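**Q** What follows is my_file_0.txt; its format and atoms are compact mmCIF, C-alpha atoms.
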```
# COMPACT_ATOMS: atom_id res chain seq x y z
CA MET G 416 29.53 115.29 75.91
CA ALA G 417 28.64 111.95 74.40
CA THR G 418 25.45 109.96 74.74
CA VAL G 419 25.87 106.21 74.22
CA ARG G 420 23.03 103.70 74.47
CA VAL G 421 22.37 100.06 73.61
CA GLN G 422 18.67 99.26 73.51
CA GLU G 423 16.03 96.96 71.99
CA ALA G 424 13.52 99.75 71.38
CA PRO G 425 13.50 101.94 68.26
CA PHE G 426 14.94 105.44 68.61
CA ASP G 427 13.46 108.87 67.85
CA ILE G 428 15.88 110.73 65.58
CA ALA G 429 14.16 114.10 65.99
CA ALA G 430 14.23 113.85 69.78
CA GLU G 431 17.91 112.84 69.79
CA GLN G 432 18.82 115.75 67.48
CA ALA G 433 16.85 118.18 69.66
CA ALA G 434 18.71 116.94 72.75
CA LEU G 435 22.06 117.86 71.16
CA ALA G 436 20.93 121.46 70.58
CA GLU G 437 18.78 121.98 73.66
CA GLY G 438 19.69 125.02 75.76
CA ARG G 439 22.69 126.07 73.65
CA VAL G 440 23.30 128.43 70.73
CA ASP G 441 26.82 127.35 69.68
CA VAL G 442 25.72 124.35 67.58
CA GLY G 443 25.99 125.17 63.89
CA GLY G 444 25.28 121.73 62.48
CA ILE G 445 24.36 118.19 63.39
CA ALA G 446 25.39 115.38 61.03
CA ALA G 447 23.35 112.18 61.19
CA PHE G 448 23.78 108.61 60.03
CA THR G 449 21.00 106.05 60.41
CA GLY G 450 21.74 102.43 59.56
CA LEU G 451 18.73 100.38 58.43
CA CYS G 452 18.12 96.64 58.11
CA ARG G 453 18.21 95.62 54.42
CA ALA G 454 16.31 92.60 53.07
CA ASP G 455 19.45 91.13 51.45
CA ASP G 456 18.83 87.65 49.99
CA GLY G 457 15.25 87.82 51.25
CA ILE G 458 16.07 87.75 54.95
CA ALA G 459 13.09 87.84 57.32
CA ALA G 460 14.95 89.48 60.22
CA LEU G 461 18.33 90.35 61.70
CA VAL G 462 19.07 89.31 65.27
CA LEU G 463 21.72 91.45 66.93
CA GLU G 464 23.72 90.12 69.85
CA HIS G 465 26.25 92.11 71.89
CA TYR G 466 28.64 91.85 74.84
CA PRO G 467 26.90 93.75 77.66
CA GLY G 468 29.36 95.91 79.54
CA MET G 469 32.10 95.80 76.93
CA THR G 470 29.78 97.27 74.30
CA GLU G 471 29.04 100.38 76.32
CA ARG G 472 32.73 100.79 77.13
CA ALA G 473 33.74 100.39 73.50
CA LEU G 474 31.12 102.87 72.26
CA ALA G 475 32.10 105.41 74.93
CA GLY G 476 35.74 104.99 73.89
CA ILE G 477 34.92 105.54 70.22
CA ALA G 478 32.85 108.63 71.09
CA ALA G 479 35.68 109.99 73.25
CA GLU G 480 38.09 109.50 70.33
CA ALA G 481 35.77 111.50 68.05
CA GLU G 482 35.54 114.28 70.64
CA ALA G 483 39.34 114.33 70.90
CA ARG G 484 39.80 114.61 67.13
CA TRP G 485 37.08 117.15 66.26
CA PRO G 486 35.68 120.21 68.10
CA LEU G 487 32.27 118.66 68.81
CA THR G 488 29.61 120.19 71.00
CA GLY G 489 28.22 116.69 71.47
CA CYS G 490 27.64 113.32 69.85
CA THR G 491 25.18 110.46 70.15
CA VAL G 492 25.54 106.76 69.38
CA ILE G 493 22.49 104.51 69.80
CA HIS G 494 22.69 100.86 68.71
CA ARG G 495 19.74 98.50 68.81
CA VAL G 496 19.99 94.81 69.74
CA GLY G 497 17.54 91.94 69.49
CA ARG G 498 15.30 91.11 66.51
CA ILE G 499 15.12 93.78 63.81
CA LEU G 500 12.95 93.57 60.68
CA PRO G 501 13.91 94.78 57.18
CA GLY G 502 13.31 98.51 56.90
CA GLU G 503 13.74 99.13 60.63
CA PRO G 504 16.59 101.27 61.99
CA ILE G 505 19.57 99.53 63.63
CA VAL G 506 21.99 102.29 64.56
CA LEU G 507 21.98 106.08 64.95
CA VAL G 508 25.07 108.28 64.97
CA LEU G 509 24.84 112.05 65.49
CA ALA G 510 27.72 114.51 65.65
CA ALA G 511 27.18 118.17 66.52
CA SER G 512 29.65 121.00 66.04
CA ALA G 513 29.86 124.73 65.37
CA HIS G 514 30.69 123.98 61.73
CA ARG G 515 29.67 121.32 59.23
CA THR G 516 33.07 119.86 58.38
CA ALA G 517 33.76 118.65 61.90
CA ALA G 518 30.20 117.32 62.25
CA LEU G 519 30.26 115.43 58.95
CA GLU G 520 33.75 113.98 59.42
CA ALA G 521 33.11 112.94 63.02
CA CYS G 522 29.85 111.26 62.01
CA ALA G 523 31.63 109.21 59.32
CA PHE G 524 34.42 108.33 61.76
CA LEU G 525 31.95 107.18 64.43
CA ILE G 526 30.07 104.76 62.18
CA ASP G 527 33.27 103.46 60.55
CA TRP G 528 34.92 102.74 63.91
CA LEU G 529 31.75 101.37 65.44
CA LYS G 530 31.53 98.72 62.70
CA THR G 531 34.94 97.25 63.53
CA GLY G 532 35.47 98.33 67.15
CA ALA G 533 32.29 97.49 69.07
CA PRO G 534 31.24 93.95 70.04
CA PHE G 535 28.02 93.41 68.09
CA TRP G 536 27.16 90.39 65.94
CA LYS G 537 24.39 90.03 63.36
CA ARG G 538 22.55 86.81 62.59
CA GLU G 539 20.28 86.63 59.54
CA GLU G 540 17.00 84.74 59.83
CA PHE G 541 15.20 83.47 56.74
CA ALA G 542 11.49 82.75 56.26
CA ASP G 543 12.16 79.00 55.87
CA GLY G 544 13.84 78.83 59.29
CA ARG G 545 17.45 78.89 58.06
CA GLU G 546 19.85 81.23 59.85
CA ARG G 547 23.32 82.53 59.07
CA TRP G 548 25.83 84.66 60.96
CA VAL G 549 26.90 87.74 59.01
CA GLU G 550 30.62 87.64 58.21
CA ALA G 551 32.88 90.63 58.80
CA ARG G 552 33.71 92.53 55.61
CA ALA G 553 37.19 93.58 54.57
CA SER G 554 35.71 96.84 53.26
CA ASP G 555 34.62 97.73 56.82
CA ASP G 556 38.18 97.13 58.09
CA ALA G 557 39.50 99.31 55.28
CA ALA G 558 37.05 102.10 56.16
CA ALA G 559 38.17 102.06 59.79
CA GLU G 560 41.84 101.86 58.80
CA ARG G 561 41.43 105.04 56.74
CA TRP G 562 40.88 106.95 60.00
CA ARG G 563 43.85 105.29 61.71
CA GLN G 564 46.13 106.54 58.95
CA ALA G 565 44.61 110.01 59.25
CA VAL G 566 45.92 110.44 62.81
CA MET V 72 41.08 82.11 91.64
CA ALA V 73 39.03 81.25 88.58
CA MET V 74 38.56 82.91 85.20
CA GLU V 75 35.18 83.92 83.82
CA ILE V 76 35.03 82.71 80.19
CA LEU V 77 32.37 84.20 77.88
CA TYR V 78 31.32 83.14 74.38
CA PHE V 79 29.35 85.10 71.80
CA ALA V 80 27.63 84.53 68.44
CA TRP V 81 28.55 81.24 66.68
CA VAL V 82 31.30 80.55 69.21
CA ARG V 83 28.58 80.47 71.90
CA GLN V 84 26.36 78.24 69.74
CA LYS V 85 29.16 75.73 69.09
CA VAL V 86 30.35 75.63 72.70
CA GLY V 87 26.72 75.23 73.79
CA GLN V 88 26.77 77.85 76.54
CA GLY V 89 27.41 81.55 76.94
CA ALA V 90 29.61 81.56 80.02
CA GLU V 91 31.55 79.27 82.31
CA THR V 92 33.79 79.77 85.32
CA LEU V 93 36.99 77.72 85.01
CA GLU V 94 40.38 77.32 86.65
CA PRO V 95 42.92 76.67 83.89
CA PRO V 96 46.26 75.14 84.91
CA ALA V 97 49.17 77.49 85.56
CA GLU V 98 50.79 76.73 82.19
CA VAL V 99 47.89 78.50 80.44
CA ALA V 100 49.54 81.90 80.19
CA ASP V 101 48.00 83.70 77.24
CA VAL V 102 44.89 83.94 75.06
CA ALA V 103 46.20 81.43 72.51
CA GLY V 104 47.09 78.95 75.26
CA LEU V 105 43.66 79.34 76.81
CA MET V 106 42.03 78.62 73.43
CA ARG V 107 44.06 75.39 73.07
CA TRP V 108 43.12 74.33 76.59
CA LEU V 109 39.44 75.14 76.08
CA ALA V 110 39.35 73.23 72.75
CA ALA V 111 40.06 69.98 74.63
CA ARG V 112 37.10 70.36 77.01
CA SER V 113 34.31 68.97 74.80
CA PRO V 114 33.41 68.26 71.15
CA GLY V 115 31.51 71.58 71.14
CA HIS V 116 34.55 73.48 72.39
CA ALA V 117 36.70 71.67 69.81
CA ALA V 118 34.33 72.71 67.02
CA ALA V 119 34.25 76.32 68.23
CA PHE V 120 38.05 76.60 68.38
CA ALA V 121 38.85 74.43 65.33
CA GLN V 122 40.07 77.48 63.40
CA PRO V 123 41.64 79.85 65.95
CA GLY V 124 42.33 82.41 63.22
CA GLN V 125 38.58 83.04 62.95
CA ILE V 126 38.23 83.83 66.65
CA ARG V 127 38.73 87.21 68.31
CA ALA V 128 39.24 87.72 72.03
CA ALA V 129 38.77 90.31 74.72
CA VAL V 130 40.44 90.26 78.14
CA ASN V 131 38.64 92.29 80.80
CA GLN V 132 36.46 93.83 78.05
CA GLU V 133 39.34 95.06 75.85
CA PHE V 134 40.14 93.52 72.45
CA CYS V 135 43.39 91.54 72.72
CA PRO V 136 45.79 89.66 70.40
CA PRO V 137 46.49 85.91 70.91
CA ASP V 138 49.73 86.58 72.80
CA HIS V 139 48.02 88.74 75.45
CA PRO V 140 48.51 87.27 78.95
CA VAL V 141 45.61 85.82 80.94
CA ARG V 142 45.57 85.64 84.72
CA PRO V 143 43.31 84.29 87.46
CA GLY V 144 40.42 86.67 87.98
CA ASP V 145 40.34 87.80 84.34
CA GLU V 146 37.15 87.95 82.28
CA VAL V 147 38.05 86.45 78.89
CA ALA V 148 35.62 86.49 75.95
CA PHE V 149 35.82 84.66 72.61
CA PHE V 150 33.78 85.61 69.54
CA PRO V 151 33.89 86.00 65.74
CA PRO V 152 34.97 89.29 64.13
CA VAL V 153 32.37 91.91 65.00
CA THR V 154 29.57 92.84 62.56
CA GLY V 155 27.64 95.73 64.14
CA GLY V 156 26.56 99.00 62.65
```
Here is the file; what I need is its structure written in the form of structure tokens.
**A**
Amino acid sequence: MATVRVQEAPFDIAAEQAALAEGRVDVGGIAAFTGLCRADDGIAALVLEHYPGMTERALAGIAAEAEARWPLTGCTVIHRVGRILPGEPIVLVLAASAHRTAALEACAFLIDWLKTGAPFWKREEFADGRERWVEARASDDAAAERWRQAV
Amino acid sequence: MAMEILYFAWVRQKVGQGAETLEPPAEVADVAGLMRWLAARSPGHAAAFAQPGQIRAAVNQEFCPPDHPVRPGDEVAFFPPVTGG
């Protein structure tokens, strides 16, 4: 059972973890990945744009793929959009399972696939008013491809 | 029936708008053909589609290659490679 959300507001990691375990005793581990905004090259902020409608569909599809590949009791993907300052969280991925291996692998899969398979775009804003769109990285494609070959 | 065309990120900035409803001629049959037709609409469109290899597309909210067909009633989006996460 996947939870997928796109939102401007920050997220509460503890509350999201608790939701995955609430009312059940078969969850042995919850793996978590939190992506934060770095101040690369002295950026003042990141502005995240997305494709409303397609984003939610893409994230739900990626979560369904994780649930098909690993015996998860649940997973959560929350991605923020809008203006995000250095140090603030951007994305949260949680994967819960009876055992750690499935939770850890599914968590890595979710963030790797999200980076290349969900329609988000980052624009960097600098203090002097300059702005620059972040370019896609070949290393992200390679990370996602690793899971395609693992099928 | 028309197509809903959407633009995101720097493609949107160069085109100068985020969405437009258009009726391409019948000979526009696929994503690549639609990009060529759109490029002739304005200097902004031309700038956005100057290097088609840098543009990705989605038809009805699914990622699609340039040879994917487009039909009246489709929602077609153009954007740079994604950079979320």
**Q** Rank nothing, just name the residue among G:Ala557, G:Ala434, G:Ile477, G:Ile499 nearest to Leu525 (chain G), using all atoms listed in the file.
**A**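 Once distances to Leu525 (chain G) are computed over all atoms listed in the file, the minimum belongs to G:Ile477.
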**Q** Could you write out as a PyMOL selection string the residues of chain V within 9 Å of chain G, counting all atoms listed in the file?
**A** chain V and resi 79-81+129+131-134+148+150-156
**Q** From the set G:Glu520, G:Asp543, G:Glu423, G:Glu471, which residue has the shortest atom-to-atom contact distance to Glu503 (chain G), counting all atoms listed in the file?
**A**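 Smallest separation from Glu503 (chain G) among the options: G:Glu423.
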**Q** Residues near Gln432 (chain G), anyone? I mean within 8 Å using all atoms listed in the file, not counting same-chain ones fewer than 3 positions away, as a list in words.
**A**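 Here the answer would be Ile428, Ala429, Leu435, Ala436, Ile445 and Leu509 of chain G.
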**Q** Write out as a PyMOL selection string which residues come within 9 Å of His139 (chain V) when counting only C-alpha atoms, dropping same-chain ones fewer than 4 positions away.
**A** chain V and resi 100-103+130+135
**Q** For the atom pair CA of Asp427 (chain G) and CA of Ala479 (chain G), what is the interatomic distance in Å to one decimal place?
**A**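 So the answer is 22.9 Å.
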**Q** Kindly indicate which residue among V:Ala90, V:Val82, V:Ala97, V:Ala128 lies nearest to His116 (chain V), using all atoms listed in the file for the distances.
**A**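 Answer, going by the shortest atom-to-atom distance: V:Val82.
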